[in-house]
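Read the structure below first, then the notes.
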Number of protein chains: 2
Amino acid sequence: MNVERLKRRFNKMAEIGATERGGVQRLALSDLDKEARDLWMKWAREANFNVRFDDFGNMYARLNGRFPEKRPIVLGSHLDSVPQGGRFDGTLGVLVGFEIMESLKERELELQHPVEVAVFSNEEGARFPTPMLGSGAITGVFTKQHVYDMKDNNELRFEDELKRIGYQGEETNRLKQVEAFIELHIEQGPVLESRTIPVGVVKGIQGLSWHQVQFSGESDHAGTTPLDHRKDPLLSAVRAVYRINSWVNSLNDETLVTFGKFHTMPGTINVIPSEVTFSMDIRHPDRSTLLNRVEVAKRLVREIALEDDTLSLCEDLSFMPPVDFDHSLIETLKESCGHQGIEYLELFSGAGHDAMYLNRLGRTVMVFTPSTGGKSHCEEEETSWEDIKLASAAMEQTVAKLSLSRQEIIDT
Amino acid sequence: MNVERLKRRFNKMAEIGATERGGVQRLALSDLDKEARDLWMKWAREANFNVRFDDFGNMYARLNGRFPEKRPIVLGSHLDSVPQGGRFDGTLGVLVGFEIMESLKERELELQHPVEVAVFSNEEGARFPTPMLGSGAITGVFTKQHVYDMKDNNELRFEDELKRIGYQGEETNRLKQVEAFIELHIEQGPVLESRTIPVGVVKGIQGLSWHQVQFSGESDHAGTTPLDHRKDPLLSAVRAVYRINSWVNSLNDETLVTFGKFHTMPGTINVIPSEVTFSMDIRHPDRSTLLNRVEVAKRLVREIALEDDTLSLCEDLSFMPPVDFDHSLIETLKESCGHQGIEYLELFSGAGHDAMYLNRLGRTVMVFTPSTGGKSHCEEEETSWEDIKLASAAMEQTVAKLSLSRQEIIDT
């Protein structure tokens, strides 16, 4: 593959919606998203790929190979960003996929499977408030009506905006069953960098369970209520957070717990709160372990309410089961690394990605590159080109192995 | 004293601004406040008291006695309420004072001091957002301009509203130095009720110190950041609340601490907070002890930030030093209870009252009646008439002792 060409395209794409501090802001179906799409389509046409886009604006560039009727090997990700986002999230996976496909074409190999690069709409959920909307739509997670009626903050509809930028295509153009889907993405966490390992072989996406925990007590005057007359739900809440966090720490495994929201009612400086509410985000890559973690956390909440004579309520907000990626693809990816002497780490993705839904169309795997400082969704987002080269090389060999006959693999 | 007349007036007053669930809503300088003031002035005129009101709308009814030039003994409180407040807060002190003065008059005793009943404007701080505004204004705590320019939520000025309801009087009518000020008030806490003691002899008003505590850490993705890579300020904040509260509990003294506000930034379910802020309200009746409690609490905050590698900031918001009431008045009140076999408890007030500022015009004391369920500032506010009778009797005897010569006291 031609890393210089990849870099050139990457820098060109980063100009569209470039922010002052080196990031990009390219919200889904905005004028800037259209500009990015137009540029990508232009490159695909210049490279003589077959291009199309479907009724959700997902775009595809295709190399037919010898057997166009066979299931395609698909590479891809997304071009939209969060507000004041980075240059790498999504875009890197799209452009590395594109470079690999172009490189396969230039090598004039006899491909046993078509190869495609896909760009999915509104992955971030930053404008239309559901992440992975385009990939979820073609895999049956969301209905067409739901997606079309989704509104942004200015009450603009998804369908209207899709039409406006000229990317409402045919339903028949949707991606169907795939031979394999491979998504390269930045890790968005600190693990690879902290261990100075250039490539992450992603075994799956951890599941998550979201809850709202509420403690109720008795609101009273801060100055006139002795401590032993209080039923202060804040004290229950802080003990619950502390106890759940300590327990998760003591497990010393892949369980994650986060309390992102926390607030008191009535929220007055000299009034003992009547009600305290906080969010609880629990994650684990294994479904039954995740369910166990949720059960124990809920039990700890109830125990504390009993101890404190307060009332507790734990509401389930959302559950996303873990996704396991395909074992054979994971093995092929690891072999590709091993063959080229590239160090890799097997890990789980902590964030959702289009690959999570693409998993429904065929076997899937992801490749991670390190995120400098573990940072993402911000202008400081960064990944070194040394690492991108190694991850792309591992991915290219994996794609080659999948798309070529055994004889040809030996030849190359 | 005539308890039936007191009760009749109390019930009549409770009709003005009566709420559906048995409370009252009578915001300062509202039409309902005017109605309450008019009724009280009518009663004062009917009883042949001299009436006046000052430039802040504080109202006074006066019984001159034998030596009108002497400093008056003043009884009183306020008639305004919080939104959806109770019938007792403030009003009870005004009407008990009125009944005691009328009773003194009817007994045709030869008073050595004038006696007055005072009604102070905007005590609650519920409409114009500073509590004890009328009493603070005449005691030099607030300037006239500050009080006059104070605005309610609808941008209406204090002075304009005072004029509108017809209660802007002369500056010369203000209360000046007093021989004694005695305020009867509901406890607004659970102590008297829980010990089934009908009368509280109030030794002073505890001081308070208000702070905003902030912990800062690093905002990160809840799904991609392993626990040992986090700098989560929420965990510091919950530990700080827990540690400070446990320490205050272990002191087992009059120290109170309350955390009424608590919130996270950015406050998103799947984002580790970057910043957590909470309020800290610390109270103690002794000034140097209060200052010590504040110092230790601040040190605990700093220690936790050091342990957790987060940043802490503790901002001072407000400090009200404790107020000690007059020893001789406290003794007289206790003697009055003892003389009539009335059980009493010496305690500190946890809330601010007009007596806090009146203390600047002469020696001051307060009498508390029990609050059912410790509740106040709500429609359920309640105090039994049995208890009111006993507290009024103790207060009446105290006033009599102060206003009569020794010979006359023996006679009565």
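Scheme for the structure tokens: letters A, B, ... for chains in order shown; per-chain residue numbers from 1; ligand numbers from 1 in order shown.
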Provide as a short mmCIF file (atom, residue, chain, number, x, y, z; two decimals) with all heavy atoms, in the first residue's frame the residues of chain A at most 8 Å from chain B, counting only C-alpha atoms.
```cif
data_model
loop_
_atom_site.label_atom_id
_atom_site.label_comp_id
_atom_site.auth_asym_id
_atom_site.auth_seq_id
_atom_site.Cartn_x
_atom_site.Cartn_y
_atom_site.Cartn_z
N GLU A 187 -8.29 3.52 19.15
CA GLU A 187 -8.75 2.83 20.35
C GLU A 187 -9.70 3.67 21.19
O GLU A 187 -10.62 3.16 21.81
CB GLU A 187 -7.54 2.43 21.21
CG GLU A 187 -7.94 1.67 22.48
CD GLU A 187 -6.85 1.66 23.54
OE1 GLU A 187 -5.69 1.93 23.23
OE2 GLU A 187 -7.21 1.41 24.72
N GLN A 188 -9.44 4.99 21.26
CA GLN A 188 -10.21 5.89 22.12
C GLN A 188 -10.01 5.60 23.61
O GLN A 188 -10.83 6.00 24.44
CB GLN A 188 -11.72 5.85 21.80
CG GLN A 188 -12.02 6.21 20.37
CD GLN A 188 -13.51 6.28 20.09
OE1 GLN A 188 -14.10 5.33 19.61
NE2 GLN A 188 -14.12 7.41 20.40
N GLY A 189 -8.94 4.91 23.93
CA GLY A 189 -8.62 4.62 25.33
C GLY A 189 -7.10 4.58 25.45
O GLY A 189 -6.38 4.69 24.45
N PRO A 190 -6.57 4.41 26.66
CA PRO A 190 -5.13 4.54 26.90
C PRO A 190 -4.35 3.23 26.87
O PRO A 190 -3.13 3.23 27.09
CB PRO A 190 -5.10 5.13 28.31
CG PRO A 190 -6.29 4.52 28.97
CD PRO A 190 -7.32 4.29 27.91
N VAL A 191 -5.01 2.10 26.64
CA VAL A 191 -4.36 0.81 26.89
C VAL A 191 -3.18 0.55 25.95
O VAL A 191 -2.08 0.24 26.40
CB VAL A 191 -5.39 -0.34 26.83
CG1 VAL A 191 -4.71 -1.68 27.03
CG2 VAL A 191 -6.47 -0.12 27.88
N TRP A 210 -27.16 0.62 31.62
CA TRP A 210 -27.29 1.96 32.19
C TRP A 210 -28.46 2.00 33.18
O TRP A 210 -29.55 1.49 32.89
CB TRP A 210 -27.53 2.99 31.09
CG TRP A 210 -26.30 3.34 30.32
CD1 TRP A 210 -25.04 2.86 30.52
CD2 TRP A 210 -26.20 4.26 29.22
NE1 TRP A 210 -24.16 3.43 29.62
CE2 TRP A 210 -24.85 4.28 28.82
CE3 TRP A 210 -27.11 5.06 28.56
CZ2 TRP A 210 -24.40 5.08 27.76
CZ3 TRP A 210 -26.67 5.86 27.50
CH2 TRP A 210 -25.32 5.87 27.11
N ASP A 220 -34.96 18.59 55.19
CA ASP A 220 -35.10 19.33 56.45
C ASP A 220 -34.16 20.52 56.43
O ASP A 220 -33.28 20.63 55.57
CB ASP A 220 -34.75 18.40 57.64
CG ASP A 220 -35.97 17.65 58.15
OD1 ASP A 220 -36.98 18.31 58.45
OD2 ASP A 220 -35.92 16.40 58.22
N HIS A 221 -34.35 21.35 57.43
CA HIS A 221 -33.57 22.58 57.59
C HIS A 221 -32.15 22.21 58.06
O HIS A 221 -31.98 21.49 59.03
CB HIS A 221 -34.27 23.44 58.63
CG HIS A 221 -33.78 24.84 58.70
ND1 HIS A 221 -32.49 25.16 59.07
CD2 HIS A 221 -34.38 26.01 58.46
CE1 HIS A 221 -32.34 26.47 59.07
NE2 HIS A 221 -33.48 27.02 58.69
N ALA A 222 -31.15 22.71 57.34
CA ALA A 222 -29.76 22.38 57.65
C ALA A 222 -29.32 22.89 59.02
O ALA A 222 -28.39 22.38 59.61
CB ALA A 222 -28.84 22.96 56.58
N GLY A 223 -30.00 23.93 59.52
CA GLY A 223 -29.57 24.53 60.76
C GLY A 223 -30.29 24.02 61.99
O GLY A 223 -29.82 24.18 63.10
N THR A 224 -31.46 23.41 61.79
CA THR A 224 -32.28 23.08 62.95
C THR A 224 -32.46 21.58 63.14
O THR A 224 -33.11 21.16 64.08
CB THR A 224 -33.69 23.70 62.80
OG1 THR A 224 -34.30 23.18 61.63
CG2 THR A 224 -33.62 25.21 62.70
N THR A 225 -31.89 20.78 62.24
CA THR A 225 -32.08 19.33 62.33
C THR A 225 -30.79 18.65 62.80
O THR A 225 -29.82 18.59 62.04
CB THR A 225 -32.50 18.76 60.96
OG1 THR A 225 -33.47 19.63 60.38
CG2 THR A 225 -33.09 17.37 61.11
N PRO A 226 -30.77 18.15 64.05
CA PRO A 226 -29.57 17.47 64.54
C PRO A 226 -29.22 16.29 63.64
O PRO A 226 -30.10 15.71 62.99
CB PRO A 226 -29.97 16.99 65.93
CG PRO A 226 -31.15 17.83 66.32
CD PRO A 226 -31.85 18.16 65.05
N LEU A 227 -27.94 15.92 63.61
CA LEU A 227 -27.50 14.86 62.70
C LEU A 227 -28.27 13.56 62.94
O LEU A 227 -28.61 12.86 61.98
CB LEU A 227 -26.00 14.62 62.86
CG LEU A 227 -25.09 15.81 62.52
CD1 LEU A 227 -23.63 15.41 62.61
CD2 LEU A 227 -25.40 16.37 61.12
N HIS A 229 -31.24 13.14 63.76
CA HIS A 229 -32.65 13.22 63.35
C HIS A 229 -32.79 13.23 61.83
O HIS A 229 -33.89 13.39 61.32
CB HIS A 229 -33.32 14.48 63.90
CG HIS A 229 -33.74 14.36 65.32
ND1 HIS A 229 -32.87 14.45 66.37
CD2 HIS A 229 -34.97 14.14 65.88
CE1 HIS A 229 -33.53 14.31 67.52
NE2 HIS A 229 -34.80 14.12 67.24
N LEU A 234 -28.31 12.01 50.57
CA LEU A 234 -26.99 12.24 49.98
C LEU A 234 -25.96 11.31 50.62
O LEU A 234 -25.08 10.79 49.93
CB LEU A 234 -26.54 13.69 50.15
CG LEU A 234 -25.15 13.95 49.55
CD1 LEU A 234 -25.21 13.95 48.04
CD2 LEU A 234 -24.54 15.23 50.06
N LEU A 235 -26.09 11.10 51.92
CA LEU A 235 -25.12 10.24 52.59
C LEU A 235 -25.26 8.80 52.10
O LEU A 235 -24.26 8.10 51.92
CB LEU A 235 -25.28 10.34 54.11
CG LEU A 235 -25.07 11.76 54.67
CD1 LEU A 235 -25.30 11.79 56.16
CD2 LEU A 235 -23.67 12.28 54.32
N VAL A 238 -23.60 8.81 48.48
CA VAL A 238 -22.13 8.81 48.43
C VAL A 238 -21.59 7.46 48.91
O VAL A 238 -20.60 6.96 48.38
CB VAL A 238 -21.47 9.99 49.20
CG1 VAL A 238 -21.96 11.34 48.67
CG2 VAL A 238 -21.62 9.88 50.68
N ARG A 239 -22.28 6.87 49.90
CA ARG A 239 -21.81 5.55 50.35
C ARG A 239 -22.02 4.50 49.27
O ARG A 239 -21.20 3.61 49.09
CB ARG A 239 -22.54 5.14 51.63
CG ARG A 239 -22.15 6.03 52.81
CD ARG A 239 -22.25 5.30 54.13
NE ARG A 239 -23.54 4.72 54.37
CZ ARG A 239 -23.73 3.46 54.78
NH1 ARG A 239 -22.71 2.66 54.98
NH2 ARG A 239 -24.95 3.02 54.98
N VAL A 241 -22.05 4.97 45.95
CA VAL A 241 -21.03 5.16 44.91
C VAL A 241 -19.69 4.59 45.39
O VAL A 241 -19.01 3.86 44.67
CB VAL A 241 -20.87 6.66 44.57
CG1 VAL A 241 -19.61 6.91 43.76
CG2 VAL A 241 -22.10 7.15 43.80
N TYR A 242 -19.36 4.92 46.64
CA TYR A 242 -18.07 4.47 47.17
C TYR A 242 -18.02 2.95 47.26
O TYR A 242 -17.05 2.32 46.86
CB TYR A 242 -17.86 5.11 48.56
CG TYR A 242 -16.53 4.76 49.15
CD1 TYR A 242 -15.35 5.30 48.64
CD2 TYR A 242 -16.43 3.89 50.23
CE1 TYR A 242 -14.13 4.97 49.18
CE2 TYR A 242 -15.22 3.55 50.78
CZ TYR A 242 -14.06 4.09 50.25
OH TYR A 242 -12.84 3.76 50.78
N ASN A 249 -13.47 -2.30 41.88
CA ASN A 249 -12.01 -2.27 41.95
C ASN A 249 -11.44 -3.58 42.46
O ASN A 249 -10.44 -4.07 41.95
CB ASN A 249 -11.56 -1.13 42.88
CG ASN A 249 -11.02 0.03 42.11
OD1 ASN A 249 -10.14 -0.13 41.27
ND2 ASN A 249 -11.55 1.21 42.36
N GLU A 254 -12.30 -6.95 33.97
CA GLU A 254 -12.64 -5.96 32.94
C GLU A 254 -13.90 -5.14 33.25
O GLU A 254 -14.32 -4.32 32.43
CB GLU A 254 -12.83 -6.68 31.59
CG GLU A 254 -11.51 -7.09 30.96
CD GLU A 254 -11.63 -8.38 30.15
OE1 GLU A 254 -12.32 -9.31 30.63
OE2 GLU A 254 -11.04 -8.44 29.07
N LEU A 256 -16.19 -2.27 34.30
CA LEU A 256 -16.06 -0.82 34.43
C LEU A 256 -17.35 -0.27 35.03
O LEU A 256 -18.44 -0.72 34.70
CB LEU A 256 -15.85 -0.16 33.06
CG LEU A 256 -14.56 -0.48 32.32
CD1 LEU A 256 -14.55 0.22 30.97
CD2 LEU A 256 -13.35 -0.06 33.14
N VAL A 257 -17.21 0.73 35.90
CA VAL A 257 -18.39 1.40 36.41
C VAL A 257 -18.11 2.89 36.43
O VAL A 257 -17.01 3.33 36.76
CB VAL A 257 -18.81 0.86 37.80
CG1 VAL A 257 -17.76 1.16 38.86
CG2 VAL A 257 -20.17 1.44 38.22
N THR A 258 -19.11 3.68 36.02
CA THR A 258 -18.95 5.14 35.94
C THR A 258 -20.24 5.80 36.43
O THR A 258 -21.34 5.36 36.08
CB THR A 258 -18.68 5.57 34.48
OG1 THR A 258 -17.54 4.86 34.01
CG2 THR A 258 -18.41 7.07 34.40
N PHE A 259 -20.06 6.85 37.22
CA PHE A 259 -21.19 7.63 37.71
C PHE A 259 -21.05 9.03 37.11
O PHE A 259 -20.35 9.87 37.64
CB PHE A 259 -21.17 7.67 39.24
CG PHE A 259 -21.01 6.31 39.88
CD1 PHE A 259 -19.76 5.81 40.18
CD2 PHE A 259 -22.12 5.52 40.14
CE1 PHE A 259 -19.60 4.55 40.74
CE2 PHE A 259 -21.99 4.26 40.70
CZ PHE A 259 -20.71 3.77 41.00
N GLY A 260 -21.68 9.25 35.97
CA GLY A 260 -21.45 10.49 35.23
C GLY A 260 -22.33 11.65 35.66
O GLY A 260 -21.93 12.80 35.64
N LYS A 261 -23.57 11.32 36.01
CA LYS A 261 -24.52 12.34 36.47
C LYS A 261 -24.72 12.15 37.97
O LYS A 261 -24.76 11.03 38.45
CB LYS A 261 -25.90 12.14 35.83
CG LYS A 261 -25.97 12.28 34.36
CD LYS A 261 -27.43 12.15 33.94
CE LYS A 261 -27.60 12.12 32.45
NZ LYS A 261 -29.00 12.29 32.05
N PHE A 262 -24.93 13.25 38.65
CA PHE A 262 -25.17 13.17 40.09
C PHE A 262 -25.82 14.47 40.49
O PHE A 262 -25.25 15.53 40.25
CB PHE A 262 -23.84 13.00 40.82
CG PHE A 262 -23.97 12.52 42.25
CD1 PHE A 262 -23.47 11.29 42.64
CD2 PHE A 262 -24.59 13.31 43.21
CE1 PHE A 262 -23.58 10.84 43.95
CE2 PHE A 262 -24.71 12.87 44.53
CZ PHE A 262 -24.19 11.65 44.90
N HIS A 263 -27.04 14.43 41.01
CA HIS A 263 -27.59 15.68 41.51
C HIS A 263 -28.58 15.52 42.65
O HIS A 263 -29.13 14.44 42.86
CB HIS A 263 -28.16 16.55 40.38
CG HIS A 263 -29.44 16.06 39.85
ND1 HIS A 263 -29.54 15.16 38.84
CD2 HIS A 263 -30.71 16.36 40.22
CE1 HIS A 263 -30.80 14.92 38.59
NE2 HIS A 263 -31.54 15.63 39.42
N THR A 264 -28.74 16.61 43.39
CA THR A 264 -29.58 16.61 44.58
C THR A 264 -30.83 17.45 44.33
O THR A 264 -30.81 18.38 43.53
CB THR A 264 -28.83 17.24 45.78
OG1 THR A 264 -28.38 18.54 45.40
CG2 THR A 264 -27.65 16.40 46.20
N MET A 265 -31.89 17.08 45.05
CA MET A 265 -33.14 17.85 45.01
C MET A 265 -33.47 18.24 46.44
O MET A 265 -33.37 17.38 47.32
CB MET A 265 -34.28 17.00 44.46
CG MET A 265 -34.27 16.81 42.98
SD MET A 265 -34.91 18.27 42.14
CE MET A 265 -36.66 18.11 42.54
N PRO A 266 -33.89 19.44 46.80
CA PRO A 266 -34.10 20.58 45.90
C PRO A 266 -32.80 21.27 45.47
O PRO A 266 -32.86 22.16 44.65
CB PRO A 266 -34.97 21.52 46.74
CG PRO A 266 -34.60 21.22 48.15
CD PRO A 266 -34.27 19.77 48.19
N GLY A 267 -31.66 20.88 45.99
CA GLY A 267 -30.40 21.49 45.54
C GLY A 267 -30.19 22.88 46.11
O GLY A 267 -29.76 23.78 45.39
N THR A 268 -30.52 23.05 47.39
CA THR A 268 -30.36 24.34 48.06
C THR A 268 -29.32 24.17 49.16
O THR A 268 -29.30 23.15 49.84
CB THR A 268 -31.72 24.77 48.65
OG1 THR A 268 -32.69 24.72 47.62
CG2 THR A 268 -31.65 26.17 49.23
N ILE A 269 -28.48 25.17 49.30
CA ILE A 269 -27.31 25.05 50.17
C ILE A 269 -27.69 24.73 51.61
O ILE A 269 -27.01 23.96 52.28
CB ILE A 269 -26.45 26.33 50.06
CG1 ILE A 269 -25.06 26.15 50.67
CG2 ILE A 269 -27.15 27.53 50.62
CD1 ILE A 269 -24.08 27.22 50.24
N ASN A 270 -28.80 25.30 52.11
CA ASN A 270 -29.15 25.11 53.52
C ASN A 270 -30.35 24.20 53.72
O ASN A 270 -31.07 24.31 54.70
CB ASN A 270 -29.40 26.47 54.19
CG ASN A 270 -30.51 27.25 53.51
OD1 ASN A 270 -30.93 26.88 52.42
ND2 ASN A 270 -30.98 28.30 54.14
N VAL A 271 -30.56 23.29 52.79
CA VAL A 271 -31.65 22.32 52.90
C VAL A 271 -31.09 20.91 52.70
O VAL A 271 -30.41 20.65 51.70
CB VAL A 271 -32.77 22.61 51.87
CG1 VAL A 271 -33.85 21.55 51.96
CG2 VAL A 271 -33.35 23.99 52.08
N ILE A 272 -31.35 20.04 53.66
CA ILE A 272 -30.97 18.63 53.51
C ILE A 272 -31.77 18.08 52.32
O ILE A 272 -32.99 18.26 52.26
CB ILE A 272 -31.31 17.84 54.79
CG1 ILE A 272 -30.52 18.42 55.97
CG2 ILE A 272 -31.01 16.37 54.62
CD1 ILE A 272 -31.10 18.06 57.33
N PRO A 273 -31.11 17.43 51.35
CA PRO A 273 -31.83 16.99 50.16
C PRO A 273 -32.95 15.99 50.48
O PRO A 273 -32.83 15.21 51.42
CB PRO A 273 -30.75 16.31 49.32
CG PRO A 273 -29.46 16.82 49.83
CD PRO A 273 -29.67 17.13 51.28
N SER A 279 -26.43 8.51 37.91
CA SER A 279 -26.43 7.51 36.85
C SER A 279 -25.36 6.48 37.14
O SER A 279 -24.35 6.77 37.78
CB SER A 279 -26.16 8.17 35.50
OG SER A 279 -24.87 8.73 35.48
N MET A 280 -25.59 5.26 36.67
CA MET A 280 -24.63 4.18 36.85
C MET A 280 -24.47 3.48 35.51
O MET A 280 -25.44 2.99 34.94
CB MET A 280 -25.14 3.23 37.94
CG MET A 280 -24.22 2.10 38.27
SD MET A 280 -24.65 1.33 39.86
CE MET A 280 -26.21 0.53 39.45
N ASP A 281 -23.25 3.48 35.01
CA ASP A 281 -22.91 2.88 33.71
C ASP A 281 -21.99 1.71 34.02
O ASP A 281 -20.88 1.90 34.52
CB ASP A 281 -22.22 3.97 32.88
CG ASP A 281 -21.56 3.48 31.60
OD1 ASP A 281 -20.93 2.40 31.63
OD2 ASP A 281 -21.62 4.19 30.59
N ARG A 283 -20.11 -1.87 32.62
CA ARG A 283 -19.71 -2.54 31.37
C ARG A 283 -18.88 -3.79 31.64
O ARG A 283 -18.11 -3.83 32.58
CB ARG A 283 -18.89 -1.58 30.50
CG ARG A 283 -19.62 -0.27 30.28
CD ARG A 283 -19.01 0.55 29.19
NE ARG A 283 -19.71 1.83 29.12
CZ ARG A 283 -19.83 2.56 28.03
NH1 ARG A 283 -19.30 2.14 26.88
NH2 ARG A 283 -20.46 3.71 28.05
N SER A 349 -13.41 -3.63 22.75
CA SER A 349 -13.74 -2.23 22.54
C SER A 349 -14.66 -1.76 23.64
O SER A 349 -15.64 -2.43 23.98
CB SER A 349 -14.44 -2.05 21.19
OG SER A 349 -14.91 -0.72 21.09
N GLY A 350 -14.32 -0.58 24.18
CA GLY A 350 -15.16 -0.03 25.22
C GLY A 350 -16.28 0.84 24.66
O GLY A 350 -17.26 1.14 25.33
N ALA A 351 -16.12 1.25 23.40
CA ALA A 351 -17.12 2.11 22.77
C ALA A 351 -17.87 1.33 21.70
O ALA A 351 -17.40 0.30 21.22
CB ALA A 351 -16.42 3.32 22.14
N GLY A 374 -4.82 8.53 25.25
CA GLY A 374 -6.13 7.89 25.40
C GLY A 374 -7.28 8.79 24.97
O GLY A 374 -8.44 8.45 25.16
N LYS A 375 -6.95 9.92 24.35
CA LYS A 375 -7.96 10.93 24.07
C LYS A 375 -8.69 10.69 22.74
O LYS A 375 -8.09 10.30 21.75
CB LYS A 375 -7.33 12.32 24.03
CG LYS A 375 -6.96 12.81 25.42
CD LYS A 375 -6.59 14.28 25.40
CE LYS A 375 -6.05 14.72 26.76
NZ LYS A 375 -6.97 14.43 27.88
#
```
* Asked: Mind checking DSSP for region 159-363 of chain B and telling me the strand (DSSP E) residues as a PyMOL selection string?
  -> chain B and resi 180-186+199-205+207-216+220-221+256-258+262-265+271-272+275-284+311-320+323-324+344-349
Please, which residues in region 25-95 of chain A fall within 10 Å of region 152-160 of chain A when counting only C-alpha atoms, and what is the closest atom pair and distance in Å to one decimal for each, ordered by chain then residue number, as a tab-separated table?
```
residue	atom	partner	partner_atom	distance
A:Ala28	CA	A:Phe158	CA	9.3
A:Leu29	CA	A:Phe158	CA	7.9
A:Asp55	CA	A:Glu159	CA	9.1
A:Phe56	CA	A:Glu159	CA	8.1
A:Gly57	CA	A:Glu159	CA	9.5
```
* To do: Determine, counting only C-alpha atoms, which protein, DNA and RNA residues have an atom within 9 Å of an atom of Gly22 (chain B); residues of the same chain fewer than 5 positions away are not included. Present the result as number ranges by chain.
  => B: 14, 86-87, 379-381
Write a file of the selected residues as a JSON list (two decimals), in the first residue's frame, keeping C-alpha atoms.
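Listed below is the output, out_4.json:
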```
[["chain", "number", "residue", "atom", "x", "y", "z"],
["B", 14, "ALA", "CA", -54.38, 32.36, 59.09],
["B", 86, "GLY", "CA", -47.19, 27.47, 57.56],
["B", 87, "ARG", "CA", -49.49, 29.46, 59.85],
["B", 379, "GLU", "CA", -48.13, 23.72, 54.97],
["B", 380, "GLU", "CA", -47.88, 20.96, 57.61],
["B", 381, "GLU", "CA", -46.24, 23.34, 60.11]]
```
* To do: Find the residues around Leu311 (chain A) up to 12 Å (only C-alpha atoms counted), leave out those fewer than 5 positions away in its own chain, and share them as a list in words.
  => Val213, Gln214, Phe215, Ser216, Gly217, Glu218, Lys231, Asp232, Pro233, Leu234, Ser236, Ala237, Ser274, Glu275, Val276, Thr277, Val301, Arg302, Glu303, Ile304, Ala305 and Leu306 of chain A
* Asked: Got a sec to tell me which of region 17-247 of chain B DSSP assigns to helix (DSSP H, G or I), as a ChimeraX atom specification?
  -> /B:31-46,91-106,133-138,144-149,158-164,171-173,191-194,227-229,233-247
* **All residues 8 Å or closer to Glu346 (chain A), only C-alpha atoms, same chain fewer than 3 positions away omitted, as a PyMOL selection string** => chain A and resi 200-203
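The residue that comes closest to Gly362 (chain A), out of A:Leu300, A:Leu329, A:Ala36, A:Leu92 and on the basis of only C-alpha atoms, is A:Leu329.
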* Structure fact -> Correct to one decimal, the distance CA of Leu347 (chain B)-CA of Lys334 (chain B) is 12.2 Å
* Close residues, Val24 (chain A) itself excluded, 9 Å, only C-alpha atoms, min 6 positions apart in chain, as a PyMOL selection string -> chain A and resi 14-18+81-87+378-379
* Would you mind reading off the distance between CA of Ser384 (chain A) and CA of Lys105 (chain A), one decimal, in Å? => 26.5 Å
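Among the candidates B:Glu110, B:Glu193, B:Asp326, B:Glu396, the residue lying nearest to Asn359 (chain B) is B:Asp326 (atoms considered: only C-alpha atoms).
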* Skipping near chain neighbours, those fewer than 5 positions away, what residues fall within 8 Å of Leu79 (chain B) using only C-alpha atoms, listed as a PyMOL selection string? -> chain B and resi 26+33+36-37+90-91+94+119-121
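Comparing A:Met320, A:Val367, A:Ile388, A:Met150 by their smallest distance to Lys7 (chain A), the closest is A:Ile388 (using only C-alpha atoms).
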